[in-house]
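Q: File run_28.tsv below, TSV, C-alpha atoms:
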chain	number	residue	atom	x	y	z
A	1326	MET	CA	40.89	35.92	-4.99
A	1327	ARG	CA	40.23	39.67	-4.99
A	1328	THR	CA	37.91	41.77	-2.86
A	1329	ARG	CA	36.11	45.00	-3.62
A	1330	ARG	CA	39.11	46.93	-2.34
A	1331	GLY	CA	41.39	45.15	-4.72
A	1332	LEU	CA	43.16	43.07	-2.08
A	1333	CYS	CA	43.63	39.38	-2.37
A	1334	TYR	CA	43.99	36.70	0.29
A	1335	PRO	CA	47.37	35.14	0.59
A	1336	ARG	CA	47.52	31.55	-0.54
A	1337	VAL	CA	49.55	29.05	1.37
A	1338	VAL	CA	50.16	25.68	-0.16
A	1339	GLY	CA	51.11	22.80	2.10
A	1340	GLY	CA	50.00	19.44	3.41
A	1341	GLY	CA	48.49	18.40	0.10
A	1342	GLY	CA	45.82	21.11	0.05
A	1343	ASP	CA	45.15	24.83	-0.32
A	1344	VAL	CA	44.55	26.90	2.78
A	1345	TYR	CA	42.83	30.29	2.33
A	1346	MET	CA	43.37	32.69	5.19
A	1347	SER	CA	40.58	35.03	6.25
A	1348	SER	CA	40.22	37.48	9.08
A	1349	GLU	CA	36.84	36.02	10.08
A	1350	LYS	CA	37.09	32.26	9.74
A	1351	THR	CA	39.29	29.55	8.39
A	1352	VAL	CA	38.06	27.06	5.84
A	1353	VAL	CA	40.14	24.02	5.13
A	1354	VAL	CA	39.72	22.49	1.74
A	1355	LYS	CA	41.23	19.09	1.26
A	1356	ARG	CA	41.57	17.18	-1.93
A	1357	ARG	CA	40.86	13.48	-2.17
A	1358	ARG	CA	41.15	11.06	-4.96
A	1359	ASP	CA	38.13	9.42	-6.47
A	1360	SER	CA	38.06	6.00	-8.03
A	1361	ALA	CA	39.38	7.39	-11.30
A	1362	GLY	CA	42.37	9.00	-9.63
A	1363	ASP	CA	41.18	12.63	-10.01
A	1364	HIS	CA	41.37	15.10	-7.16
A	1365	MET	CA	37.98	15.96	-5.59
A	1366	PRO	CA	37.61	18.77	-3.06
A	1367	CYS	CA	35.82	18.04	0.23
A	1368	ARG	CA	35.21	20.15	3.27
A	1369	LYS	CA	35.90	19.11	6.81
A	1370	ARG	CA	33.47	20.54	9.33
A	1371	ASN	CA	34.26	21.04	12.96
A	1372	ARG	CA	32.40	18.66	15.31
A	1373	LYS	CA	30.48	20.00	18.22
A	1374	SER	CA	30.47	18.24	21.55
A	1375	PRO	CA	27.13	16.52	22.37
A	1376	GLU	CA	27.37	17.69	25.96
A	1377	VAL	CA	25.84	21.04	26.60
A	1378	ALA	CA	26.94	22.87	29.68
A	1379	GLY	CA	24.21	23.39	32.27
A	1380	LYS	CA	21.87	20.69	30.87
A	1381	CYS	CA	21.31	17.02	31.90
A	1382	ASP	CA	19.48	13.94	30.58
A	1383	LEU	CA	15.70	14.17	30.90
A	1384	PHE	CA	15.43	10.55	32.13
A	1385	ASP	CA	17.84	11.28	34.96
A	1386	ALA	CA	15.66	14.23	35.94
A	1387	LEU	CA	12.63	11.98	36.55
A	1388	PRO	CA	11.97	11.23	40.23
A	1389	ASP	CA	12.36	7.64	41.42
A	1390	ASP	CA	8.73	7.45	42.55
A	1391	LEU	CA	7.51	8.11	39.01
A	1392	VAL	CA	9.85	5.52	37.48
A	1393	ILE	CA	8.80	2.93	40.07
A	1394	SER	CA	5.14	3.63	39.31
A	1395	ILE	CA	5.78	3.04	35.59
A	1396	LEU	CA	7.68	-0.17	36.30
A	1397	CYS	CA	4.82	-1.40	38.53
A	1398	LYS	CA	2.43	-0.92	35.66
A	1399	LEU	CA	4.79	-2.77	33.35
A	1400	SER	CA	5.30	-5.74	35.69
A	1401	SER	CA	1.56	-6.13	36.17
A	1402	SER	CA	0.74	-5.97	32.45
A	1403	ALA	CA	3.71	-7.69	30.77
A	1404	GLY	CA	2.77	-10.52	28.44
A	1405	CYS	CA	5.84	-12.64	29.18
A	1406	PRO	CA	8.94	-12.51	31.40
A	1407	SER	CA	11.15	-11.20	28.58
A	1408	ASP	CA	9.03	-8.06	28.25
A	1409	PHE	CA	9.93	-7.12	31.80
A	1410	ILE	CA	13.51	-8.39	31.83
A	1411	ASN	CA	14.42	-6.51	28.63
A	1412	VAL	CA	13.55	-3.25	30.37
A	1413	LEU	CA	15.68	-4.08	33.41
A	1414	ILE	CA	18.80	-4.66	31.32
A	1415	THR	CA	18.43	-1.31	29.53
A	1416	CYS	CA	20.38	0.73	32.03
A	1417	LYS	CA	21.71	0.60	35.56
A	1418	ARG	CA	18.99	2.81	36.99
A	1419	LEU	CA	16.13	0.73	35.56
A	1420	ASN	CA	17.84	-2.42	36.78
A	1421	GLY	CA	18.04	-1.04	40.30
A	1422	LEU	CA	14.52	0.36	40.44
A	1423	GLY	CA	13.04	-2.66	38.65
A	1424	LEU	CA	14.10	-4.90	41.52
A	1425	HIS	CA	12.30	-2.71	44.04
A	1426	SER	CA	10.01	-4.71	46.32
A	1427	LEU	CA	6.96	-2.72	45.23
A	1428	VAL	CA	7.60	-3.51	41.56
A	1429	LEU	CA	8.22	-7.22	42.19
A	1430	SER	CA	5.12	-7.54	44.37
A	1431	ARG	CA	2.96	-6.36	41.45
A	1432	ALA	CA	4.33	-8.90	38.94
A	1433	SER	CA	1.51	-10.70	37.17
A	1434	GLN	CA	1.09	-14.38	36.41
A	1435	ARG	CA	2.34	-13.91	32.84
A	1436	THR	CA	5.41	-12.03	34.03
A	1437	LEU	CA	6.35	-15.02	36.21
A	1438	ALA	CA	5.56	-17.64	33.52
A	1439	ILE	CA	9.11	-18.94	33.14
A	1440	ARG	CA	9.58	-21.83	30.71
A	1441	ALA	CA	11.32	-24.98	31.85
A	1442	LYS	CA	13.89	-24.75	29.04
A	1443	ASN	CA	14.89	-21.28	30.30
A	1444	TRP	CA	15.30	-22.35	33.92
A	1445	SER	CA	18.54	-21.17	35.48
A	1446	GLU	CA	19.95	-19.90	38.74
A	1447	SER	CA	19.10	-16.34	37.74
A	1448	ALA	CA	15.47	-17.34	37.07
A	1449	HIS	CA	15.35	-19.05	40.46
A	1450	ARG	CA	16.76	-15.93	42.10
A	1451	PHE	CA	14.23	-13.71	40.32
A	1452	LEU	CA	11.30	-15.81	41.57
A	1453	LYS	CA	12.81	-15.82	45.05
A	1454	LEU	CA	13.02	-12.01	45.04
A	1455	CYS	CA	9.38	-11.76	43.94
A	1456	ALA	CA	8.32	-14.22	46.64
A	1457	ASP	CA	10.24	-12.32	49.30
A	1458	ALA	CA	8.50	-9.12	48.13
A	1459	GLY	CA	5.12	-10.69	48.97
A	1460	ASN	CA	4.02	-11.73	45.48
A	1461	VAL	CA	1.58	-14.64	46.04
A	1462	GLU	CA	1.86	-15.85	42.42
A	1463	ALA	CA	5.63	-16.10	42.81
A	1464	CYS	CA	5.19	-17.97	46.10
A	1465	TYR	CA	2.92	-20.52	44.47
A	1466	THR	CA	4.98	-20.94	41.27
A	1467	LEU	CA	8.29	-21.27	43.11
A	1468	GLY	CA	6.66	-23.55	45.68
A	1469	MET	CA	5.43	-25.95	42.98
A	1470	ILE	CA	8.84	-25.95	41.28
A	1471	ARG	CA	10.68	-26.65	44.51
A	1472	PHE	CA	8.24	-29.28	45.73
A	1473	TYR	CA	7.99	-31.36	42.56
A	1474	CYS	CA	10.99	-30.46	40.36
A	1475	LEU	CA	13.79	-29.63	42.80
A	1476	GLN	CA	12.70	-32.26	45.38
A	1477	ASN	CA	12.73	-29.63	48.13
A	1478	ARG	CA	9.47	-30.66	49.79
A	1479	GLY	CA	9.62	-28.56	52.92
A	1480	SER	CA	10.52	-25.27	51.27
A	1481	GLY	CA	8.03	-25.82	48.44
A	1482	ALA	CA	5.16	-26.64	50.80
A	1483	SER	CA	5.93	-23.61	52.99
A	1484	LEU	CA	5.88	-21.28	49.96
A	1485	MET	CA	2.53	-22.70	48.82
A	1486	ALA	CA	1.21	-22.33	52.36
A	1487	LYS	CA	2.35	-18.69	52.34
A	1488	ALA	CA	0.32	-18.13	49.17
A	1489	ALA	CA	-2.65	-20.06	50.61
A	1490	ILE	CA	-2.69	-17.82	53.69
A	1491	SER	CA	-3.19	-14.90	51.30
A	1492	SER	CA	-6.28	-16.70	49.86
A	1493	HIS	CA	-4.60	-17.88	46.67
A	1494	ALA	CA	-7.13	-20.39	45.32
A	1495	GLN	CA	-4.69	-22.39	43.20
A	1496	ALA	CA	-2.31	-22.79	46.14
A	1497	LEU	CA	-5.17	-23.97	48.36
A	1498	TYR	CA	-6.20	-26.57	45.80
A	1499	SER	CA	-2.61	-27.79	45.28
A	1500	LEU	CA	-2.19	-28.23	49.03
A	1501	ALA	CA	-5.46	-30.15	49.07
A	1502	VAL	CA	-4.11	-32.54	46.41
A	1503	ILE	CA	-0.97	-33.01	48.49
A	1504	GLN	CA	-3.09	-33.85	51.55
A	1505	PHE	CA	-5.31	-36.26	49.60
A	1506	ASN	CA	-2.33	-38.15	48.17
A	1507	GLY	CA	0.12	-37.77	51.05
A	1508	SER	CA	2.63	-36.37	48.56
A	1509	GLY	CA	6.18	-36.11	49.81
A	1510	GLY	CA	5.61	-38.81	52.45
A	1511	SER	CA	4.04	-42.22	52.84
A	1512	LYS	CA	0.43	-43.28	52.36
A	1513	ASN	CA	-0.03	-42.96	56.12
A	1514	ASP	CA	0.54	-39.21	55.76
A	1515	LYS	CA	-2.79	-38.72	53.97
A	1516	ASP	CA	-5.11	-36.30	55.70
A	1517	LEU	CA	-8.49	-36.50	53.98
A	1518	ARG	CA	-10.23	-34.04	56.28
A	1519	ALA	CA	-7.52	-31.44	55.76
A	1520	GLY	CA	-7.78	-31.98	52.01
A	1521	VAL	CA	-11.54	-31.47	52.07
A	1522	ALA	CA	-11.17	-28.34	54.20
A	1523	LEU	CA	-8.61	-26.85	51.81
A	1524	CYS	CA	-10.79	-27.79	48.85
A	1525	ALA	CA	-13.79	-26.13	50.45
A	1526	ARG	CA	-11.81	-22.93	51.00
A	1527	ALA	CA	-10.62	-22.90	47.37
A	1528	ALA	CA	-14.15	-23.67	46.16
A	1529	PHE	CA	-15.46	-20.75	48.20
A	1530	LEU	CA	-13.02	-18.55	46.27
A	1531	GLY	CA	-14.45	-19.86	42.98
A	1532	HIS	CA	-11.74	-22.33	41.94
A	1533	ILE	CA	-13.28	-24.63	39.34
A	1534	ASP	CA	-11.15	-27.72	39.97
A	1535	ALA	CA	-11.74	-27.38	43.72
A	1536	LEU	CA	-15.50	-27.23	43.14
A	1537	ARG	CA	-15.33	-30.36	41.03
A	1538	GLU	CA	-13.10	-32.17	43.54
A	1539	LEU	CA	-15.36	-31.23	46.44
A	1540	GLY	CA	-18.40	-32.41	44.52
A	1541	HIS	CA	-16.86	-35.83	43.95
A	1542	CYS	CA	-15.80	-36.06	47.59
A	1543	LEU	CA	-19.38	-35.37	48.70
A	1544	GLN	CA	-20.78	-37.86	46.24
A	1545	ASP	CA	-18.38	-40.63	47.26
A	1546	GLY	CA	-18.19	-39.78	50.96
A	1547	TYR	CA	-14.42	-39.35	50.66
A	1548	GLY	CA	-13.09	-37.45	53.67
A	1549	VAL	CA	-16.54	-36.03	54.42
A	1550	ARG	CA	-20.02	-37.34	55.13
A	1551	GLN	CA	-21.68	-38.51	51.92
A	1552	ASN	CA	-24.19	-36.09	50.45
A	1553	ILE	CA	-25.02	-36.92	46.83
A	1554	THR	CA	-27.39	-33.99	46.30
A	1555	GLU	CA	-24.91	-31.43	47.61
A	1556	GLY	CA	-22.13	-33.05	45.60
A	1557	ARG	CA	-24.07	-32.76	42.36
A	1558	ARG	CA	-24.82	-29.13	43.14
A	1559	PHE	CA	-21.09	-28.41	43.39
A	1560	LEU	CA	-20.46	-30.25	40.11
A	1561	VAL	CA	-23.09	-28.22	38.29
A	1562	GLN	CA	-21.66	-25.03	39.78
A	1563	ALA	CA	-18.19	-26.03	38.54
A	1564	ASN	CA	-19.53	-26.59	35.01
A	1565	THR	CA	-21.33	-23.23	35.09
A	1566	ARG	CA	-18.24	-21.34	36.21
A	1567	GLU	CA	-16.17	-23.14	33.62
A	1568	LEU	CA	-18.55	-22.16	30.84
A	1569	ALA	CA	-18.59	-18.53	31.99
A	1570	ALA	CA	-14.79	-18.40	32.12
A	1571	VAL	CA	-14.39	-19.86	28.62
A	1572	VAL	CA	-16.98	-17.50	27.12
A	1573	ALA	CA	-15.31	-14.51	28.79
A	1574	ASN	CA	-11.87	-15.52	27.48
A	1575	ALA	CA	-13.23	-16.11	23.99
A	1576	ALA	CA	-14.89	-12.71	23.95
A	1577	ALA	CA	-11.68	-11.06	25.20
A	1578	VAL	CA	-9.60	-12.46	22.31
A	1579	GLY	CA	-12.34	-11.80	19.76
A	1580	ALA	CA	-13.09	-15.47	19.07
A	1581	PRO	CA	-16.65	-16.46	18.06
A	1582	THR	CA	-18.69	-17.79	20.98
A	1583	ARG	CA	-21.63	-19.10	18.98
A	1584	SER	CA	-19.92	-22.44	18.30
A	1585	LEU	CA	-19.52	-23.01	22.04
A	1586	PHE	CA	-23.28	-23.51	22.38
A	1587	THR	CA	-23.73	-25.78	19.36
A	1588	TRP	CA	-25.17	-29.17	20.13
A	1589	ASN	CA	-22.72	-32.00	19.47
A	1590	PRO	CA	-24.20	-35.39	20.43
A	1591	HIS	CA	-21.10	-37.37	19.39
A	1592	PRO	CA	-18.01	-35.47	20.54
A	1593	LEU	CA	-14.59	-36.47	19.29
A	1594	PRO	CA	-11.35	-36.43	21.25
A	1595	HIS	CA	-10.18	-32.89	21.80
A	1596	PRO	CA	-7.28	-32.14	19.41
A	1597	HIS	CA	-5.76	-29.34	21.47
A	1598	PRO	CA	-6.65	-28.17	24.97
A	1599	ARG	CA	-6.10	-24.45	24.30
A	1600	ASN	CA	-7.69	-24.05	20.88
A	1601	VAL	CA	-10.89	-22.09	21.35
A	1602	ASN	CA	-12.05	-22.33	17.74
A	1603	CYS	CA	-11.85	-26.10	17.40
A	1604	GLY	CA	-14.94	-28.25	17.85
A	1605	GLY	CA	-13.34	-31.12	19.72
A	1606	CYS	CA	-14.46	-32.92	22.83
A	1607	PRO	CA	-16.60	-30.54	24.93
A	1608	LEU	CA	-16.06	-30.47	28.65
A	1609	LEU	CA	-19.77	-29.73	29.03
A	1610	SER	CA	-20.95	-32.18	26.36
A	1611	ASP	CA	-23.60	-33.50	28.72
A	1612	PHE	CA	-25.20	-30.07	28.56
A	1613	GLY	CA	-24.71	-29.81	24.78
A	1614	CYS	CA	-21.90	-27.24	24.86
A	1615	ASN	CA	-18.63	-27.44	22.95
A	1616	VAL	CA	-16.42	-25.91	25.60
A	1617	PRO	CA	-12.63	-26.28	25.19
A	1618	ALA	CA	-10.31	-27.10	28.04
A	1619	PRO	CA	-9.26	-24.20	30.29
A	1620	GLU	CA	-5.77	-22.79	29.97
A	1621	ALA	CA	-3.33	-24.43	32.33
A	1622	HIS	CA	-1.58	-22.44	35.03
A	1623	PRO	CA	2.05	-21.45	34.20
A	1624	ALA	CA	3.28	-23.60	37.09
A	1625	SER	CA	1.50	-26.64	35.67
A	1626	ARG	CA	2.95	-25.96	32.23
A	1627	PHE	CA	6.40	-25.69	33.81
A	1628	LEU	CA	6.00	-29.11	35.44
A	1629	ALA	CA	4.80	-30.69	32.19
A	1630	GLU	CA	7.74	-29.22	30.25
A	1631	TRP	CA	10.24	-30.06	32.99
A	1632	PHE	CA	9.39	-33.76	33.15
A	1633	GLY	CA	8.58	-33.92	29.43
A	1634	SER	CA	12.18	-32.93	28.64
A	1635	ARG	CA	13.35	-35.73	30.95
A	1636	ALA	CA	11.76	-38.59	29.00
A	1637	GLY	CA	8.36	-37.81	30.52
A	1638	SER	CA	9.02	-39.43	33.88
A	1639	PRO	CA	10.16	-37.98	37.21
A	1640	GLY	CA	11.85	-41.26	38.14
A	1641	LEU	CA	12.42	-44.82	37.10
A	1642	VAL	CA	9.05	-46.14	38.28
A	1643	LEU	CA	7.13	-42.94	39.07
A	1644	ARG	CA	4.37	-41.68	36.81
A	1645	LEU	CA	2.91	-38.36	35.74
A	1646	CYS	CA	-0.71	-37.32	35.94
A	1647	SER	CA	-2.32	-38.26	32.62
A	1648	HIS	CA	-4.23	-34.98	32.36
A	1649	VAL	CA	-2.32	-32.80	29.89
A	1650	GLY	CA	-2.97	-29.61	31.85
A	1651	CYS	CA	-1.67	-30.87	35.19
A	1652	GLY	CA	1.99	-31.95	35.07
A	1653	ARG	CA	2.13	-33.27	38.66
A	1654	PRO	CA	4.37	-36.31	39.18
A	1655	GLU	CA	4.22	-39.01	41.79
A	1656	THR	CA	6.46	-38.59	44.81
A	1657	ARG	CA	6.31	-42.31	45.62
A	1658	ARG	CA	5.14	-45.45	43.88
A	1659	HIS	CA	1.40	-46.07	43.49
A	1660	GLU	CA	0.57	-42.60	44.77
A	1661	PHE	CA	-1.85	-41.68	41.98
A	1662	ARG	CA	-5.13	-43.38	41.23
A	1663	ARG	CA	-5.40	-45.54	38.16
A	1664	CYS	CA	-8.36	-46.11	35.85
A	1665	SER	CA	-10.25	-49.21	37.02
A	1666	VAL	CA	-11.28	-50.11	33.46
A	1667	CYS	CA	-8.13	-49.96	31.32
A	1668	GLY	CA	-5.42	-49.26	33.87
A	1669	THR	CA	-3.38	-47.20	31.40
A	1670	VAL	CA	-3.92	-43.71	32.84
A	1671	ASN	CA	-3.14	-42.18	36.23
A	1672	TYR	CA	-4.61	-39.13	37.93
A	1673	CYS	CA	-3.57	-37.04	40.91
A	1674	SER	CA	-7.15	-35.95	41.66
A	1675	ARG	CA	-10.74	-36.47	40.66
A	1676	ALA	CA	-10.79	-33.08	38.95
A	1677	CYS	CA	-7.99	-34.13	36.58
A	1678	GLN	CA	-9.74	-37.44	36.00
A	1679	ALA	CA	-13.03	-35.73	35.13
A	1680	LEU	CA	-11.38	-33.29	32.71
A	1681	ASP	CA	-9.28	-35.94	30.99
A	1682	TRP	CA	-12.25	-38.29	30.73
A	1683	LYS	CA	-14.22	-35.82	28.65
A	1684	MET	CA	-11.22	-34.51	26.72
A	1685	ARG	CA	-9.84	-37.79	25.41
A	1686	HIS	CA	-9.98	-40.83	27.69
A	1687	LYS	CA	-13.67	-41.50	27.18
A	1688	ALA	CA	-12.90	-42.39	23.55
A	1689	ASP	CA	-9.69	-44.29	24.34
A	1690	CYS	CA	-10.70	-46.31	27.41
A	1691	THR	CA	-11.01	-50.04	26.62
A	1692	PRO	CA	-12.34	-52.42	29.28
A	1693	THR	CA	-10.00	-55.24	30.27
A	1694	GLU	CA	-10.52	-57.97	32.82
A	1695	ARG	CA	-7.01	-57.76	34.21
A	1696	TRP	CA	-4.17	-55.30	33.63
A	1697	VAL	CA	-0.56	-55.53	34.69
A	1698	ASP	CA	1.33	-52.90	36.66
A	1699	ASP	CA	4.56	-51.31	35.46
A	1700	ASP	CA	6.66	-53.75	37.49
A	1701	GLY	CA	4.80	-56.79	36.09
A	1702	ASP	CA	2.67	-57.50	39.17
A	1703	GLY	CA	-1.04	-57.90	38.66
A	1704	ASN	CA	-3.09	-55.24	40.40
A	1705	GLY	CA	-6.78	-54.97	39.75
A	1706	HIS	CA	-7.41	-51.88	41.83
A	1707	ALA	CA	-8.16	-48.44	40.52
A	1708	ASN	CA	-6.74	-46.62	43.52
A	1709	GLY	CA	-3.15	-45.82	44.36
A	1710	ASP	CA	-1.07	-47.14	47.24
A	1711	ASP	CA	-1.64	-50.85	46.70
A	1712	GLY	CA	-5.32	-50.47	45.99
A	1713	GLU	CA	-6.34	-48.79	49.18
A	1714	GLY	CA	-10.09	-48.15	49.09
A	1715	ASP	CA	-10.23	-44.37	48.87
A	1716	GLY	CA	-12.95	-43.75	46.34
A	1717	GLY	CA	-10.49	-43.47	43.46
A	1718	VAL	CA	-10.99	-43.12	39.73
A	1719	ASN	CA	-14.20	-44.68	38.57
A	1720	GLY	CA	-13.38	-45.11	34.92
A	1721	ASN	CA	-16.30	-47.45	34.32
A	1722	ASN	CA	-18.92	-45.28	36.00
A	1723	ASP	CA	-20.52	-43.21	33.25
A	1724	ASP	CA	-22.96	-41.66	35.70
A	1725	VAL	CA	-20.17	-40.08	37.70
A	1726	MET	CA	-18.46	-38.90	34.52
A	1727	ALA	CA	-21.62	-37.34	33.24
A	1728	GLU	CA	-22.01	-35.30	36.40
A	1729	SER	CA	-18.43	-33.96	36.39
Go ahead and render the structure in this file as structure tokens.

A:
Amino acid sequence: MRTRRGLCYPRVVGGGGDVYMSSEKTVVVKRRRDSAGDHMPCRKRNRKSPEVAGKCDLFDALPDDLVISILCKLSSSAGCPSDFINVLITCKRLNGLGLHSLVLSRASQRTLAIRAKNWSESAHRFLKLCADAGNVEACYTLGMIRFYCLQNRGSGASLMAKAAISSHAQALYSLAVIQFNGSGGSKNDKDLRAGVALCARAAFLGHIDALRELGHCLQDGYGVRQNITEGRRFLVQANTRELAAVVANAAAVGAPTRSLFTWNPHPLPHPHPRNVNCGGCPLLSDFGCNVPAPEAHPASRFLAEWFGSRAGSPGLVLRLCSHVGCGRPETRRHEFRRCSVCGTVNYCSRACQALDWKMRHKADCTPTERWVDDDGDGNGHANGDDGEGDGGVNGNNDDVMAES
């Protein structure tokens, strides 16, 4: 190759290629064979190092306070636990800051909604860290799991009590159910007055099931002086709050709310408790409203899945609450109340009985003169614990059902 001055670059042949020498730069031209066997020239470019001297990663330059603030927002708005966990496993820094007590204390109910099939020691440790950080939802969820699933009664009850002290309505109501039934002990451990007091506190906070339970207690004089008028007022208030909650949830997801107020004089059994668009059994059918069942708490869903994967029974002779949105099991035999008409369903509380009655049992209940217990012994009582008169499930009382 010649230049304007008439000089040519020396050519050096070696290594299977031609190397052209220049005073400014060196270009290496290699020859490669194509599929047909011909030589094809290709150029090899020098790689540059990705690291630039004097510069660092922008993420590493962010202050920890800003990253923690972002993680707090994520933990409080995540739709499921995997949304939050996937961020923690991204890098070592996010994993360390994501387990900060401030981030864990802001975790929402959906972030802590662990499924029973995904339960592991790491999931248990994660809930424990959230509970130790002061997260009341984690205290309640882990308390329910320990009390009913892991058979750790003392630790579970203390965690639920910790959440109840922080005015967690669901924890107050669950402790009231434990007091009413004497769960974790014998039937002599029932404390009806304590159950009514806990129910009243949860009802004051607006808990719908607590309002319904307190209304039935006042109507029946169960653990409190009988006051039918005041009891019916609480039942109507529970129905009103339930309707408002369902309408608000339907409007949030963009579902039509007009069908909720359609008159349905002959309701059918509810096909699915969480389907807002279906016109199944209304919980407020006595008022002419097709209101679907409320969404169950993640802890209740965990209990239902946990015992459902174990042949649907917590023990050989123990039973589960028949309400699909509850999931509570018996901790001893004959703890739950049984329907006095058919004897085929069991309930941990009057609230579960009232919901299940309008959802499905009203259409399935068949009167029988005498029904046989699971162990073959005849027992004609509707109440648990060998038929102790405690104002149990009144399956044949349509007036009480209509008011719930």

Q: Tell me, as a list in words, which residues lie within 7 Å of segment 1539-1542 of chain A, counting all atoms listed in the file; anything in the same chain fewer than 3 positions away does not count.

A: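 Listing them by chain and then by number gives Val1521, Cys1524, Ala1525, Ala1535, Leu1536, Asp1545, Gly1546, Tyr1547, Gly1548, Val1549, Gly1556, Arg1557, Phe1559, Leu1560 and Arg1675 of chain A.
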
Q: Considering only C-alpha atoms, can you say which of A:Asp1534, A:Asp1385, A:Asp1681, A:Glu1630 comes closest to His1648 of chain A?

A: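 For His1648 of chain A, the nearest of the given residues is A:Asp1681.
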
Q: Go ahead and compute the interatomic distance for atom CA of Ala1456 of chain A and atom CA of Cys1646 of chain A, in Å to one decimal.

A: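 So the two atoms, atom CA of Ala1456 of chain A and atom CA of Cys1646 of chain A, lie 27.0 Å apart.
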
Q: Of the residues A:Ile1395, A:Ala1676, A:Val1502, A:Cys1455, which is the one nearest to Arg1537 of chain A, using all atoms listed in the file?

A: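 Ranking A:Ile1395, A:Ala1676, A:Val1502, A:Cys1455 by distance to Arg1537 of chain A, first place goes to A:Ala1676.
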
Q: Between atom CA of Ala1448 of chain A and atom CA of Pro1654 of chain A, what is the distance in Å, rounded to a tenth?

A: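 Answer for the atom CA of Ala1448 of chain A to atom CA of Pro1654 of chain A separation: 22.1 Å.
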
Q: From the list A:Glu1660, A:Val1428, A:Glu1446, A:Asn1420, which residue is nearest Asn1513 of chain A when using all atoms listed in the file?

A: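 Closest residue, counting all atoms listed in the file: A:Glu1660.
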
Q: For segment 1409-1439 of chain A, write C-alpha atoms out as a short mmCIF file (atom, residue, chain, number, x, y, z; two decimals), in the first residue's frame.

A:
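New file result_22.cif:
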data_model
loop_
_atom_site.label_atom_id
_atom_site.label_comp_id
_atom_site.auth_asym_id
_atom_site.auth_seq_id
_atom_site.Cartn_x
_atom_site.Cartn_y
_atom_site.Cartn_z
CA PHE A 1409 -41.20 -7.93 49.03
CA ILE A 1410 -38.96 -10.98 49.30
CA ASN A 1411 -37.84 -10.72 45.66
CA VAL A 1412 -36.44 -7.28 46.39
CA LEU A 1413 -34.54 -8.49 49.45
CA ILE A 1414 -32.72 -11.21 47.51
CA THR A 1415 -31.57 -8.75 44.82
CA CYS A 1416 -28.37 -7.71 46.53
CA LYS A 1417 -26.65 -7.80 49.89
CA ARG A 1418 -27.39 -4.18 50.70
CA LEU A 1419 -31.14 -4.48 50.06
CA ASN A 1420 -31.20 -7.68 52.09
CA GLY A 1421 -29.58 -5.93 55.04
CA LEU A 1422 -31.67 -2.77 54.90
CA GLY A 1423 -34.87 -4.69 54.13
CA LEU A 1424 -34.64 -6.43 57.50
CA HIS A 1425 -34.43 -3.12 59.32
CA SER A 1426 -36.93 -2.87 62.18
CA LEU A 1427 -38.56 0.22 60.66
CA VAL A 1428 -39.20 -1.59 57.37
CA LEU A 1429 -40.57 -4.72 59.05
CA SER A 1430 -42.83 -2.71 61.34
CA ARG A 1431 -44.55 -1.18 58.28
CA ALA A 1432 -45.30 -4.52 56.59
CA SER A 1433 -48.94 -4.71 55.54
CA GLN A 1434 -51.43 -7.53 55.92
CA ARG A 1435 -50.87 -8.67 52.33
CA THR A 1436 -47.10 -8.70 52.78
CA LEU A 1437 -47.52 -11.11 55.71
CA ALA A 1438 -50.12 -13.31 53.95
CA ILE A 1439 -48.00 -16.46 53.84
#
